[in-house]
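Printed here is target.cif (mmCIF, C-alpha atoms):
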data_work
#
loop_
_atom_site.label_atom_id
_atom_site.label_comp_id
_atom_site.auth_asym_id
_atom_site.auth_seq_id
_atom_site.Cartn_x
_atom_site.Cartn_y
_atom_site.Cartn_z
CA MET A 28 -27.87 20.28 11.84
CA ARG A 29 -25.56 19.99 8.84
CA LEU A 30 -23.01 18.37 11.13
CA LEU A 31 -25.56 15.83 12.25
CA ILE A 32 -26.35 14.85 8.65
CA ALA A 33 -22.66 14.65 7.79
CA ILE A 34 -21.85 12.48 10.79
CA ILE A 35 -24.80 10.16 10.25
CA ALA A 36 -23.91 9.76 6.56
CA ALA A 37 -20.28 9.03 7.40
CA VAL A 38 -21.21 6.52 10.10
CA ILE A 39 -23.62 4.73 7.76
CA LEU A 40 -20.85 4.49 5.16
CA LEU A 41 -18.40 3.23 7.77
CA ILE A 42 -20.77 0.54 9.02
CA THR A 43 -21.63 -0.72 5.52
CA GLU A 44 -17.95 -0.77 4.65
CA TYR A 45 -17.12 -2.59 7.87
CA ARG A 46 -19.76 -5.24 7.28
CA SER A 47 -19.61 -5.89 3.55
CA GLU A 48 -18.09 -5.17 0.18
CA ARG A 49 -21.17 -3.35 -1.01
CA LEU A 50 -19.48 0.04 -1.32
CA MET A 51 -16.91 -1.13 -3.87
CA PRO A 52 -18.76 0.48 -6.85
CA LEU A 53 -18.85 3.85 -5.06
CA ARG A 54 -15.17 3.57 -4.24
CA ALA A 55 -14.39 2.59 -7.82
CA THR A 56 -16.25 5.62 -9.16
CA LEU A 57 -14.54 8.04 -6.81
CA SER A 58 -11.22 6.40 -7.54
CA LEU A 59 -11.44 7.55 -11.14
CA PHE A 60 -10.76 11.01 -9.75
CA THR A 61 -8.17 10.04 -7.13
CA ASP A 62 -6.33 7.78 -9.56
CA THR A 63 -5.70 10.75 -11.84
CA LEU A 64 -4.06 12.41 -8.84
CA LYS A 65 -1.96 9.31 -8.20
CA TYR A 66 -0.81 9.22 -11.82
CA GLY A 67 -0.21 12.96 -11.70
CA VAL A 68 2.04 12.68 -8.67
CA ASP A 69 3.85 9.78 -10.27
CA LEU A 70 4.32 11.63 -13.58
CA PRO A 71 7.47 13.65 -12.74
CA VAL A 72 9.30 10.55 -11.52
CA SER A 73 8.39 8.39 -14.51
CA LEU A 74 9.10 11.30 -16.87
CA PHE A 75 12.52 11.73 -15.34
CA GLU A 76 13.15 8.01 -15.71
CA SER A 77 12.14 7.90 -19.35
CA ILE A 78 14.25 10.98 -20.11
CA SER A 79 17.31 9.54 -18.44
CA GLU A 80 16.65 6.34 -20.35
CA THR A 81 16.67 8.14 -23.68
CA LEU A 82 19.79 10.04 -22.71
CA THR A 83 21.88 7.01 -21.78
CA SER A 84 24.74 6.59 -24.15
CA TYR A 85 25.02 3.99 -26.85
CA GLU A 86 27.93 2.33 -25.07
CA MET A 87 25.97 1.81 -21.89
CA LEU A 88 23.03 0.38 -23.77
CA LYS A 89 25.34 -1.99 -25.58
CA ASP A 90 26.88 -3.11 -22.31
CA GLU A 91 23.49 -3.64 -20.77
CA ASN A 92 22.38 -5.55 -23.80
CA THR A 93 25.30 -7.96 -23.67
CA ASN A 94 24.78 -8.47 -19.95
CA LEU A 95 21.10 -9.16 -20.43
CA ARG A 96 21.81 -11.56 -23.27
CA ARG A 97 24.26 -13.47 -21.11
CA GLU A 98 21.75 -13.61 -18.28
CA GLN A 99 19.07 -14.78 -20.68
CA LEU A 100 21.33 -17.58 -21.87
CA ILE A 101 21.98 -18.79 -18.34
CA ASN A 102 18.30 -18.56 -17.46
CA LYS A 103 17.33 -20.52 -20.54
CA MET A 104 19.76 -23.27 -19.70
CA GLN A 105 18.41 -23.48 -16.17
CA LEU A 106 14.88 -23.57 -17.54
CA LEU A 107 15.78 -26.56 -19.70
CA LYS A 108 16.83 -28.44 -16.62
CA PHE A 109 13.78 -27.19 -14.79
CA GLU A 110 11.46 -28.56 -17.42
CA ALA A 111 12.98 -32.00 -17.12
CA LEU A 112 12.68 -31.79 -13.35
CA GLU A 113 9.08 -30.73 -13.60
CA LYS A 114 8.22 -33.71 -15.79
CA GLU A 115 9.97 -35.97 -13.36
CA ASN A 116 8.06 -34.39 -10.48
CA ILE A 117 4.75 -34.92 -12.23
CA ARG A 118 5.61 -38.57 -12.84
CA LEU A 119 6.66 -39.08 -9.24
CA ARG A 120 3.51 -37.40 -7.98
CA ALA A 121 1.46 -39.63 -10.24
CA LEU A 122 3.14 -42.59 -8.52
CA LEU A 123 2.19 -41.12 -5.16
CA GLU A 124 -1.33 -40.47 -6.46
CA ASN A 125 -1.05 -36.81 -5.79
CA SER A 126 -2.31 -34.04 -7.99
CA PHE A 127 -0.03 -31.39 -9.31
CA LYS A 128 -0.87 -27.77 -9.88
CA LEU A 129 0.98 -25.70 -12.33
CA GLY A 130 0.50 -23.07 -14.93
CA GLU A 131 0.57 -19.51 -13.76
CA GLN A 132 -0.03 -16.39 -15.74
CA VAL A 133 1.57 -13.11 -14.89
CA LEU A 134 0.92 -9.46 -15.59
CA ILE A 135 3.69 -6.91 -15.25
CA ALA A 136 2.63 -3.93 -13.17
CA GLU A 137 4.60 -0.84 -12.42
CA LEU A 138 4.80 0.78 -9.04
CA LEU A 139 3.48 4.31 -8.76
CA SER A 140 5.88 6.57 -6.87
CA ILE A 141 3.52 7.67 -4.17
CA ASN A 142 3.33 7.27 -0.43
CA LEU A 143 0.08 6.41 1.23
CA THR A 144 0.74 5.73 4.87
CA PRO A 145 4.22 5.30 6.24
CA TYR A 146 3.14 3.03 9.10
CA GLU A 147 1.42 0.60 6.75
CA HIS A 148 3.34 -1.35 4.15
CA ILE A 149 1.07 -0.74 1.22
CA MET A 150 2.13 0.10 -2.32
CA VAL A 151 0.15 1.23 -5.33
CA VAL A 152 0.63 -0.21 -8.82
CA ASN A 153 -0.69 0.99 -12.15
CA LYS A 154 -2.82 -2.04 -13.04
CA GLY A 155 -6.36 -2.49 -11.78
CA THR A 156 -9.64 -4.27 -12.43
CA ARG A 157 -9.52 -3.07 -16.03
CA PHE A 158 -6.71 -5.57 -16.47
CA GLY A 159 -8.54 -8.27 -14.57
CA VAL A 160 -6.69 -7.78 -11.30
CA HIS A 161 -8.73 -8.85 -8.30
CA GLN A 162 -8.39 -9.02 -4.55
CA GLN A 163 -5.97 -11.48 -2.90
CA GLN A 164 -3.89 -12.11 -5.97
CA PRO A 165 -0.29 -12.92 -5.16
CA VAL A 166 2.33 -10.39 -6.24
CA LEU A 167 5.92 -11.39 -6.94
CA ASP A 168 9.08 -9.85 -8.21
CA THR A 169 11.98 -11.62 -9.87
CA ASN A 170 13.47 -12.63 -6.51
CA GLY A 171 10.49 -13.74 -4.51
CA VAL A 172 7.11 -13.01 -3.03
CA VAL A 173 6.25 -9.33 -2.54
CA GLY A 174 2.73 -9.45 -1.15
CA GLN A 175 -0.87 -9.69 -2.24
CA VAL A 176 -3.43 -7.43 -3.86
CA PHE A 177 -5.26 -5.77 -1.01
CA ARG A 178 -7.76 -3.73 -2.98
CA ALA A 179 -8.25 -3.51 -6.73
CA LEU A 180 -9.57 -0.25 -8.19
CA PRO A 181 -10.28 0.30 -11.91
CA PHE A 182 -6.94 1.86 -12.78
CA SER A 183 -4.73 1.06 -9.82
CA SER A 184 -4.52 -1.45 -7.04
CA GLU A 185 -3.16 -1.42 -3.52
CA ILE A 186 -0.69 -4.12 -2.63
CA MET A 187 -0.06 -5.22 0.93
CA LEU A 188 3.55 -6.22 1.40
CA ILE A 189 4.51 -9.34 3.33
CA THR A 190 6.23 -7.07 5.88
CA ASP A 191 2.97 -5.35 6.83
CA PRO A 192 2.11 -6.14 10.47
CA ASN A 193 -1.34 -7.31 9.39
CA HIS A 194 0.00 -9.77 6.85
CA ALA A 195 0.83 -13.42 7.38
CA ILE A 196 2.01 -15.93 4.80
CA PRO A 197 2.14 -19.72 5.16
CA VAL A 198 5.68 -20.90 4.44
CA GLN A 199 7.80 -24.00 4.66
CA VAL A 200 11.50 -24.48 5.16
CA ASN A 201 12.93 -25.55 1.83
CA ARG A 202 15.51 -27.84 3.45
CA ASN A 203 13.11 -30.11 5.33
CA GLY A 204 9.55 -29.04 4.60
CA LEU A 205 8.85 -27.70 8.10
CA LEU A 206 5.60 -25.73 7.94
CA THR A 207 5.12 -22.43 9.71
CA ILE A 208 3.72 -18.95 9.22
CA ALA A 209 5.74 -15.81 8.54
CA VAL A 210 4.15 -12.68 9.93
CA GLY A 211 5.02 -9.15 8.84
CA SER A 212 6.99 -7.21 11.40
CA GLY A 213 6.13 -3.65 10.42
CA VAL A 214 9.84 -3.03 9.89
CA SER A 215 10.93 -2.90 6.29
CA ASN A 216 12.82 -6.02 5.21
CA GLN A 217 11.96 -8.18 8.20
CA LEU A 218 9.52 -11.01 8.83
CA ASN A 219 8.79 -12.69 12.16
CA LEU A 220 8.43 -16.44 12.69
CA PRO A 221 6.46 -16.58 15.94
CA TYR A 222 4.84 -20.01 15.58
CA LEU A 223 7.67 -22.50 15.96
CA PRO A 224 7.69 -25.46 18.32
CA ASN A 225 10.53 -26.05 20.78
CA ASN A 226 12.25 -28.69 18.77
CA ALA A 227 11.84 -27.07 15.36
CA ASP A 228 14.65 -27.86 12.98
CA ILE A 229 15.44 -24.42 11.70
CA GLN A 230 18.80 -22.77 11.13
CA ALA A 231 20.08 -19.41 10.10
CA GLY A 232 20.30 -19.23 6.32
CA ASP A 233 17.36 -21.56 5.69
CA LEU A 234 15.30 -20.61 2.67
CA LEU A 235 11.58 -20.21 3.31
CA ILE A 236 9.27 -20.92 0.38
CA THR A 237 5.52 -20.61 0.04
CA SER A 238 3.78 -23.79 1.13
CA GLY A 239 0.63 -23.26 -0.91
CA LEU A 240 -1.56 -23.74 2.16
CA GLY A 241 -4.31 -21.18 2.50
CA GLY A 242 -4.70 -21.02 -1.24
CA THR A 243 -3.66 -17.43 -1.81
CA PHE A 244 -0.05 -18.01 -2.73
CA PRO A 245 1.00 -20.74 -5.15
CA ALA A 246 3.45 -23.23 -3.65
CA GLY A 247 7.17 -23.13 -4.15
CA TYR A 248 8.08 -19.48 -4.49
CA PRO A 249 10.95 -18.16 -2.36
CA VAL A 250 9.83 -15.83 0.42
CA ALA A 251 12.66 -15.14 2.83
CA VAL A 252 15.93 -16.29 4.35
CA VAL A 253 16.14 -16.96 8.08
CA ASP A 254 18.39 -14.52 9.95
CA ASN A 255 20.90 -15.36 12.65
CA PHE A 256 19.35 -15.99 16.02
CA PRO A 257 20.79 -16.89 19.42
CA GLN A 258 20.93 -20.63 20.07
CA THR A 259 18.82 -21.41 23.11
CA SER A 260 17.00 -24.52 24.16
CA ASN A 261 13.60 -22.91 23.85
CA LYS A 262 12.87 -21.92 20.28
CA SER A 263 9.27 -20.92 20.96
CA ILE A 264 10.41 -17.94 22.98
CA THR A 265 13.39 -17.05 20.81
CA HIS A 266 12.64 -14.18 18.50
CA ILE A 267 13.37 -15.64 15.06
CA THR A 268 13.31 -13.31 12.09
CA ALA A 269 13.80 -13.64 8.35
CA THR A 270 14.77 -11.28 5.55
CA PRO A 271 12.50 -11.24 2.47
CA LYS A 272 14.08 -12.34 -0.79
CA ALA A 273 12.13 -9.81 -2.83
CA GLN A 274 13.60 -6.34 -3.02
CA LEU A 275 10.63 -4.66 -1.46
CA ASP A 276 12.06 -1.16 -1.42
CA ARG A 277 13.81 -1.08 -4.76
CA ASN A 278 11.77 -2.76 -7.43
CA ARG A 279 9.59 -0.69 -9.69
CA GLU A 280 8.26 -3.60 -11.70
CA LEU A 281 6.17 -6.28 -10.07
CA LEU A 282 4.41 -9.40 -11.34
CA ILE A 283 0.77 -10.02 -10.53
CA VAL A 284 0.04 -13.72 -10.73
CA TRP A 285 -3.03 -15.69 -11.80
CA THR A 286 -2.85 -19.20 -10.49
CA ASN A 287 -4.42 -21.90 -12.56
CA ASN A 288 -6.55 -23.91 -10.18
CA VAL A 289 -7.17 -26.82 -12.50
CA SER A 290 -5.08 -29.73 -11.31
CA ILE A 291 -3.35 -31.83 -13.86
CA PRO A 292 -4.82 -35.33 -14.02
CA LEU A 293 -2.72 -38.13 -12.61
CA ILE A 294 -2.68 -40.53 -15.49
CA THR A 295 -1.19 -38.29 -18.15
CA PRO A 296 2.30 -37.52 -17.00
CA LEU A 297 3.40 -35.98 -20.28
CA VAL A 298 1.24 -32.90 -20.16
CA LYS A 299 2.37 -29.99 -22.19
CA THR A 300 3.14 -27.14 -19.82
CA PRO A 301 1.34 -23.93 -20.77
CA ALA A 302 3.78 -21.43 -22.18
CA PRO A 303 4.50 -18.79 -19.58
CA ASN A 304 3.26 -15.42 -20.66
CA GLU A 305 5.88 -12.74 -21.32
CA MET B 9 -13.17 37.98 -5.25
CA ASN B 10 -16.00 36.95 -7.54
CA ASN B 11 -17.84 33.72 -6.99
CA GLU B 12 -16.62 31.68 -9.91
CA HIS B 13 -13.02 32.50 -9.22
CA GLY B 14 -13.10 31.66 -5.54
CA PHE B 15 -14.66 28.31 -6.21
CA VAL B 16 -11.87 27.35 -8.60
CA ARG B 17 -9.24 28.51 -6.13
CA ILE B 18 -10.65 26.48 -3.26
CA PHE B 19 -10.83 23.39 -5.43
CA VAL B 20 -7.36 23.75 -6.87
CA THR B 21 -5.73 24.27 -3.47
CA LEU B 22 -7.54 21.27 -2.00
CA ILE B 23 -6.53 19.08 -4.93
CA LEU B 24 -2.93 20.23 -4.60
CA ALA B 25 -3.12 19.38 -0.91
CA MET B 26 -4.28 15.88 -1.83
CA CYS B 27 -1.31 15.55 -4.17
CA LEU B 28 1.05 16.66 -1.39
CA ARG B 29 -0.55 14.05 0.83
CA ILE B 30 0.60 11.19 -1.40
CA LEU B 31 3.88 12.75 -2.53
CA PHE B 32 6.70 10.27 -2.83
CA LEU B 33 9.24 10.91 -0.09
CA PRO B 34 12.04 8.90 1.46
CA GLU B 35 10.80 7.04 4.50
CA SER B 36 12.55 9.25 7.03
CA LEU B 37 10.59 12.24 5.69
CA ALA B 38 7.38 10.41 4.90
CA ILE B 39 6.59 9.82 8.55
CA PHE B 40 6.45 13.61 9.00
CA ASN B 41 4.12 14.22 6.06
CA PRO B 42 1.18 16.05 7.68
CA ASP B 43 -2.48 16.02 6.75
CA TRP B 44 -2.32 18.82 4.15
CA VAL B 45 -5.96 18.44 3.14
CA LEU B 46 -7.11 19.14 6.67
CA LEU B 47 -4.78 22.13 7.01
CA VAL B 48 -6.11 23.68 3.80
CA LEU B 49 -9.69 22.95 4.84
CA ILE B 50 -9.03 24.65 8.20
CA TYR B 51 -7.67 27.70 6.42
CA TRP B 52 -10.59 28.03 4.02
CA SER B 53 -13.22 27.52 6.68
CA LEU B 54 -11.50 30.19 8.78
CA ALA B 55 -11.21 32.64 5.91
CA LEU B 56 -14.53 32.00 4.15
CA PRO B 57 -16.78 30.33 6.72
CA GLU B 58 -19.93 31.25 4.78
CA ARG B 59 -18.55 29.44 1.73
CA VAL B 60 -16.51 26.47 2.86
CA GLY B 61 -18.60 24.48 5.29
CA ILE B 62 -19.31 20.99 6.40
CA SER B 63 -20.41 19.83 2.94
CA TYR B 64 -16.98 20.68 1.52
CA ALA B 65 -15.30 18.91 4.42
CA TRP B 66 -17.45 15.83 3.96
CA PHE B 67 -16.95 15.64 0.20
CA PHE B 68 -13.19 16.05 0.37
CA GLY B 69 -13.09 13.69 3.31
CA ILE B 70 -14.66 10.95 1.18
CA LEU B 71 -12.20 11.66 -1.62
CA THR B 72 -9.31 11.44 0.85
CA ASP B 73 -10.69 8.13 2.11
CA VAL B 74 -10.56 6.72 -1.41
CA LEU B 75 -7.18 8.27 -2.08
CA MET B 76 -5.59 6.84 1.05
CA GLY B 77 -7.39 3.52 0.92
CA ARG B 78 -9.17 3.96 4.26
CA PHE B 79 -12.68 2.89 5.18
CA LEU B 80 -15.12 5.19 3.39
CA GLY B 81 -16.31 7.81 5.87
CA GLN B 82 -13.29 7.88 8.18
CA TYR B 83 -11.84 11.17 7.01
CA ALA B 84 -15.29 12.47 6.07
CA LEU B 85 -16.33 12.16 9.69
CA SER B 86 -13.25 13.75 11.24
CA TYR B 87 -13.03 16.56 8.68
CA SER B 88 -16.67 17.56 9.08
CA LEU B 89 -16.33 17.51 12.85
CA ILE B 90 -13.29 19.77 12.77
CA VAL B 91 -14.75 22.19 10.24
CA TYR B 92 -17.82 22.38 12.48
CA LEU B 93 -15.65 23.36 15.45
CA ILE B 94 -14.04 26.06 13.36
CA LEU B 95 -17.38 27.38 12.12
CA ILE B 96 -18.44 27.80 15.76
CA TRP B 97 -15.33 29.63 16.86
CA HIS B 98 -14.15 31.32 13.69
CA ARG B 99 -14.83 34.88 14.97
CA GLN B 100 -12.54 34.49 17.97
CA LEU B 101 -10.00 32.44 16.04
CA ARG B 102 -9.54 35.11 13.41
CA GLN B 103 -8.62 37.66 16.09
CA TYR B 104 -5.91 35.43 17.55
CA PRO B 105 -2.26 35.83 16.63
CA LEU B 106 -0.83 33.07 14.51
CA LEU B 107 0.83 31.34 17.45
CA GLN B 108 -2.43 30.92 19.33
CA GLN B 109 -4.12 29.77 16.15
CA SER B 110 -1.51 27.11 15.78
CA VAL B 111 -2.37 25.78 19.23
CA PHE B 112 -5.95 25.39 18.04
CA VAL B 113 -4.74 23.74 14.83
CA PHE B 114 -2.71 21.35 16.95
CA GLY B 115 -5.89 20.39 18.77
CA CYS B 116 -7.74 19.85 15.49
CA LEU B 117 -5.01 17.66 14.04
CA LEU B 118 -4.87 15.70 17.27
CA ILE B 119 -8.63 15.06 17.22
CA SER B 120 -8.43 13.93 13.60
CA GLN B 121 -5.50 11.63 14.30
CA LEU B 122 -7.22 10.22 17.39
CA LEU B 123 -10.31 9.39 15.35
CA LEU B 124 -8.09 7.77 12.72
CA PHE B 125 -6.32 5.78 15.45
CA TRP B 126 -9.67 4.60 16.77
CA PHE B 127 -10.84 3.47 13.33
CA GLU B 128 -7.58 1.67 12.66
CA ASN B 129 -8.04 -0.13 15.95
CA LEU B 130 -11.53 -1.14 14.93
CA LYS B 131 -10.23 -2.66 11.71
CA VAL B 132 -7.50 -4.67 13.37
CA PRO B 133 -5.96 -4.24 16.82
CA ALA B 134 -3.40 -1.83 15.46
CA GLN B 135 0.26 -2.20 16.08
CA LEU B 136 1.08 1.45 15.65
CA HIS B 137 4.21 2.97 17.02
CA GLY B 138 5.11 6.47 18.12
CA ALA B 139 5.70 7.74 14.60
CA PHE B 140 1.94 7.63 14.06
CA TRP B 141 1.62 10.87 16.06
CA LEU B 142 4.44 12.77 14.33
CA PRO B 143 2.24 14.28 11.57
CA VAL B 144 0.32 16.15 14.29
CA LEU B 145 3.49 18.00 15.33
CA SER B 146 4.74 18.60 11.81
CA GLY B 147 1.26 19.71 10.76
CA THR B 148 1.19 22.29 13.54
CA ALA B 149 4.59 23.53 12.46
CA SER B 150 3.52 23.78 8.85
CA TRP B 151 0.41 25.77 9.77
CA PHE B 152 2.54 28.96 9.63
CA VAL B 153 3.58 28.16 6.07
CA VAL B 154 0.10 27.07 5.02
CA TYR B 155 -1.42 30.23 6.48
CA HIS B 156 0.89 32.59 4.59
CA VAL B 157 0.81 30.67 1.33
CA MET B 158 -2.97 30.41 1.41
CA ARG B 159 -3.39 34.08 2.25
CA PHE B 160 -1.24 34.88 -0.73
CA VAL B 161 -3.40 32.61 -2.89
CA ARG B 162 -6.58 34.20 -1.60
CA ARG B 163 -5.47 37.77 -2.22
CA PHE B 164 -3.69 37.08 -5.46
#

For the structure just supplied, provide its representation as C-alpha cells.
Amino acid sequence: MRLLIAIIAAVILLITEYRSERLMPLRATLSLFTDTLKYGVDLPVSLFESISETLTSYEMLKDENTNLRREQLINKMQLLKFEALEKENIRLRALLENSFKLGEQVLIAELLSINLTPYEHIMVVNKGTRFGVHQQQPVLDTNGVVGQVFRALPFSSEIMLITDPNHAIPVQVNRNGLLTIAVGSGVSNQLNLPYLPNNADIQAGDLLITSGLGGTFPAGYPVAVVDNFPQTSNKSITHITATPKAQLDRNRELLIVWTNNVSIPLITPLVKTPAPNE
Amino acid sequence: MNNEHGFVRIFVTLILAMCLRILFLPESLAIFNPDWVLLVLIYWSLALPERVGISYAWFFGILTDVLMGRFLGQYALSYSLIVYLILIWHRQLRQYPLLQQSVFVFGCLLISQLLLFWFENLKVPAQLHGAFWLPVLSGTASWFVVYHVMRFVRRF
C-alpha cells in the first residue's frame, strides 16, 4: 500500500517534470539542502587552495605579479587595436545596412569540486539564480566557449559542457565563414562535426567560432580547432573532429555571460561601447 | 538504542552517503563511484525494517534527484521499489551469509541502474557506454565494507 502511494507520487512528479517546468520551485527549495552538501564537499578542496595560496612565498607572488602585469600590458595593447577594429566594423556594417550586436556582461563563477555523473559532461558552479543566472546562458572561460547553463538553482547552477553528447553548438569556420554544427562527442576534449557537405572547405587547424545562430551563444567566440583527418573525396562520411579551445578539465573559474540583445542602430556609427564589467 | 539517537544516526549516515556520491574524484575512479545512498538505505532497511521504510526511501530519493540533477522522482521511484523488496524478504536476507546478501544487493543495484537507464532513454535517446554499468559491480563489492562500517555505527 505504502509502495503504491510512493510509486504513484513519484510517477506524477516524473510526468509533470517531463511535460513542464512547473516543479522548479520545489526543486529550488530542496536544493537549499543539497547545495549545502555540495558546498560541504567542495570545502576541503577550496580550503586547501586558499591555504596553499597564503603559504606561497613572497618571491613567487612577485614573479606572478610581474608576469600578470606584462600580460595585462599586452592585452591592453591588443584591446586598443580591437576597439578601432570594432568601430570600423560598425561603420562597415552600417554601409551594408546590417545591425550589430555588442555589449556583453559577465559574472565570474567558480567551479565546485564535485562529480555528478561521469557519463554526462555536467559541472556545477557556485553562482545561481540569486545572482541572476538563468537557463541557457552561455558560459565561457578565457580561451573559449565552455558550455551553457543547463539548470539554475538558487545557490548553484549546472553547466552542460559543449562535449556532452546531448549538446550541439552552431559554429562557423573563421577562415571562410562556413556554417556547421559541432556536436559533443561524450569524450572529454573532443567535438564531432557530422553535418558537412561533400565539398566543404575545411582543413585541419581551422578555428571554429560561434556563429550566433540559434541565439544562445553570442557570435564570434572561439570554440574549437579542427583536428587532423584523413583526406578522402567524401567529407560527409569522414569522421571530422575538433578540440575545444576552452580548458574544460582544468579551469576553476568560468565566466557566465549576459548578452545584450538590443542592436545598435545603423545611423550612429560612433556609439560608445559599454565598459566591460570586471 | 533509544529513538532519538537512532534517528540522528540514520540521517547522518544517509547524508554522508550523499556526500560520498558527489565526491570529487579523478575520472578514472569516478566511473566506479557506486550509489552509496542506496547501499546505506539497503543496510538500514535490513537492520531496522520497522523504522526505515518506503517513506525514508522516497524522501531521500527525491533529495538525491535534486542533488544529482535528475528528473524529480527518478531515484524516489527506484529507491522505494528496492526498499519494498527488502521489507518483504528481510527475514530470510538477515539469515544469509554476507556473500549471498551481496548477490541480492547486486540485483537491487542492477534494478536501480536499469530504471535509471530507462529514464535517461526517455529524456533523450541515451548514448551511454559500458561504463554506465560499472557502479553496479563496484557497489556490490563495496557492500562488504558498507555492511561492516554500518554495523559498527549501529552498535557504537

Would you kindly translate the PyMOL selection byres ((chain B) within 7 of (chain A)) into the concrete residues it picks from this file, as a compact mmCIF listing (two decimals) with C-alpha atoms, in the frame of the given file?
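And here's out24.txt as it stands now:
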# COMPACT_ATOMS: atom_id res chain seq x y z
CA CYS B 27 -1.31 15.55 -4.17
CA ILE B 30 0.60 11.19 -1.40
CA LEU B 31 3.88 12.75 -2.53
CA PHE B 32 6.70 10.27 -2.83
CA LEU B 33 9.24 10.91 -0.09
CA ALA B 38 7.38 10.41 4.90
CA ILE B 39 6.59 9.82 8.55
CA ILE B 62 -19.31 20.99 6.40
CA TRP B 66 -17.45 15.83 3.96
CA LEU B 71 -12.20 11.66 -1.62
CA VAL B 74 -10.56 6.72 -1.41
CA LEU B 75 -7.18 8.27 -2.08
CA MET B 76 -5.59 6.84 1.05
CA PHE B 79 -12.68 2.89 5.18
CA LEU B 80 -15.12 5.19 3.39
CA GLY B 81 -16.31 7.81 5.87
CA GLN B 82 -13.29 7.88 8.18
CA ALA B 84 -15.29 12.47 6.07
CA LEU B 85 -16.33 12.16 9.69
CA SER B 88 -16.67 17.56 9.08
CA LEU B 89 -16.33 17.51 12.85
CA TYR B 92 -17.82 22.38 12.48
CA PHE B 140 1.94 7.63 14.06

Problem set entry | Resolved residues for the PyMOL selection byres ((chain A and resi 233) around 8) as number ranges by chain | A: 200-202, 229-232, 234-235, 252-253

Seminar exercise, completed: Expressed in Å, the length from CA of Leu138 in chain A to CA of Ile283 in chain A is 11.6 Å

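Here CA of Leu220 in chain A stands at a distance of 16.0 Å from CA of Leu188 in chain A.
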
For this session: With a distance cut-off of 12 Å and only C-alpha atoms, select the neighbouring residues of Leu123 in chain B, excluding the residue or stretch itself and same-chain residues fewer than 2 positions from it, and output the selection as a count of residues only.
Result: 21

For this session: Excluding Trp285 in chain A and residues on its chain fewer than 2 positions from it, collect all residues at most 9 Å away from it, counting all atoms listed in the file, and give them as a list in words.
Result: Gly130, Glu131, Gln132, Val133, Leu134, Val160, Gln164, Pro165, Ile283 and Asn287 of chain A

Mind working out the centre and edge lengths of an axis-aligned box for range 80-87 of chain A, all listed atoms inside, 6 Å added to each side, rounded to one decimal in Å and written as JSON?
{"center_x": 22.3, "center_y": 5.9, "center_z": -23.6, "size_x": 23.3, "size_y": 20.2, "size_z": 18.5}

Problem set entry | Resolved residues for the PyMOL selection byres ((chain A and resi 196) around 7) as a ChimeraX atom specification | /A:194-195,197-198,208-210

Seminar exercise, completed: Of A:Asn116, A:Ser84, A:Thr63, A:Asn153, the one nearest to Leu281 in chain A when counting all atoms listed in the file is A:Asn153

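Nearest residue to Trp97 in chain B, choosing from B:Ser63, B:Ser110, B:Thr72, B:Ser53 and counting only C-alpha atoms: B:Ser53.
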
Exercise. Hey, can you check how far CA of Glu35 in chain B sits from CA of His148 in chain A?
Worked result: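 So the two atoms, CA of Glu35 in chain B and CA of His148 in chain A, lie 11.2 Å apart.
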
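Using all atoms listed in the file, the shortest contact distance between Ile189 in chain A and any of A:Thr286, A:Thr270, A:Thr156, A:Asn94 is found at A:Thr270.
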
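Distances here use all atoms listed in the file; by that measure, the residue among A:Pro52, A:Gly241, A:Pro271, A:Gly155 closest to Gly171 in chain A is A:Pro271.
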
For this session: Using only C-alpha atoms, find the one residue out of B:Asp73, B:Gln109, B:Phe164, B:Met158 that sits nearest to Trp52 in chain B.
Result: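 Answer, going by the shortest atom-to-atom distance: B:Met158.
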
Coordinate excerpt as a PDB file, in the first residue's frame: range 120-130 of chain B, N, CA and C atoms:
ATOM      1  N   SER B 120      17.976  -0.769  -9.909  1.00  0.00           N
ATOM      2  CA  SER B 120      18.017   0.690  -9.815  1.00  0.00           C
ATOM      3  C   SER B 120      18.673   1.304 -11.045  1.00  0.00           C
ATOM      4  N   GLN B 121      19.784   0.684 -11.466  1.00  0.00           N
ATOM      5  CA  GLN B 121      20.507   1.233 -12.621  1.00  0.00           C
ATOM      6  C   GLN B 121      19.702   1.062 -13.913  1.00  0.00           C
ATOM      7  N   LEU B 122      18.979  -0.067 -13.991  1.00  0.00           N
ATOM      8  CA  LEU B 122      18.127  -0.301 -15.161  1.00  0.00           C
ATOM      9  C   LEU B 122      17.035   0.760 -15.258  1.00  0.00           C
ATOM     10  N   LEU B 123      16.411   1.058 -14.098  1.00  0.00           N
ATOM     11  CA  LEU B 123      15.378   2.094 -14.092  1.00  0.00           C
ATOM     12  C   LEU B 123      15.970   3.430 -14.524  1.00  0.00           C
ATOM     13  N   LEU B 124      17.164   3.717 -13.994  1.00  0.00           N
ATOM     14  CA  LEU B 124      17.841   4.969 -14.338  1.00  0.00           C
ATOM     15  C   LEU B 124      18.111   5.030 -15.837  1.00  0.00           C
ATOM     16  N   PHE B 125      18.579   3.902 -16.387  1.00  0.00           N
ATOM     17  CA  PHE B 125      18.865   3.796 -17.813  1.00  0.00           C
ATOM     18  C   PHE B 125      17.614   4.081 -18.626  1.00  0.00           C
ATOM     19  N   TRP B 126      16.504   3.522 -18.164  1.00  0.00           N
ATOM     20  CA  TRP B 126      15.235   3.691 -18.864  1.00  0.00           C
ATOM     21  C   TRP B 126      14.817   5.164 -18.858  1.00  0.00           C
ATOM     22  N   PHE B 127      14.956   5.813 -17.695  1.00  0.00           N
ATOM     23  CA  PHE B 127      14.574   7.223 -17.612  1.00  0.00           C
ATOM     24  C   PHE B 127      15.466   8.091 -18.483  1.00  0.00           C
ATOM     25  N   GLU B 128      16.763   7.777 -18.478  1.00  0.00           N
ATOM     26  CA  GLU B 128      17.694   8.545 -19.305  1.00  0.00           C
ATOM     27  C   GLU B 128      17.313   8.411 -20.765  1.00  0.00           C
ATOM     28  N   ASN B 129      16.872   7.222 -21.143  1.00  0.00           N
ATOM     29  CA  ASN B 129      16.463   6.983 -22.515  1.00  0.00           C
ATOM     30  C   ASN B 129      15.201   7.742 -22.870  1.00  0.00           C
ATOM     31  N   LEU B 130      14.333   7.925 -21.863  1.00  0.00           N
ATOM     32  CA  LEU B 130      13.117   8.693 -22.088  1.00  0.00           C
ATOM     33  C   LEU B 130      13.463  10.143 -22.383  1.00  0.00           C
TER      34      LEU B 130
END
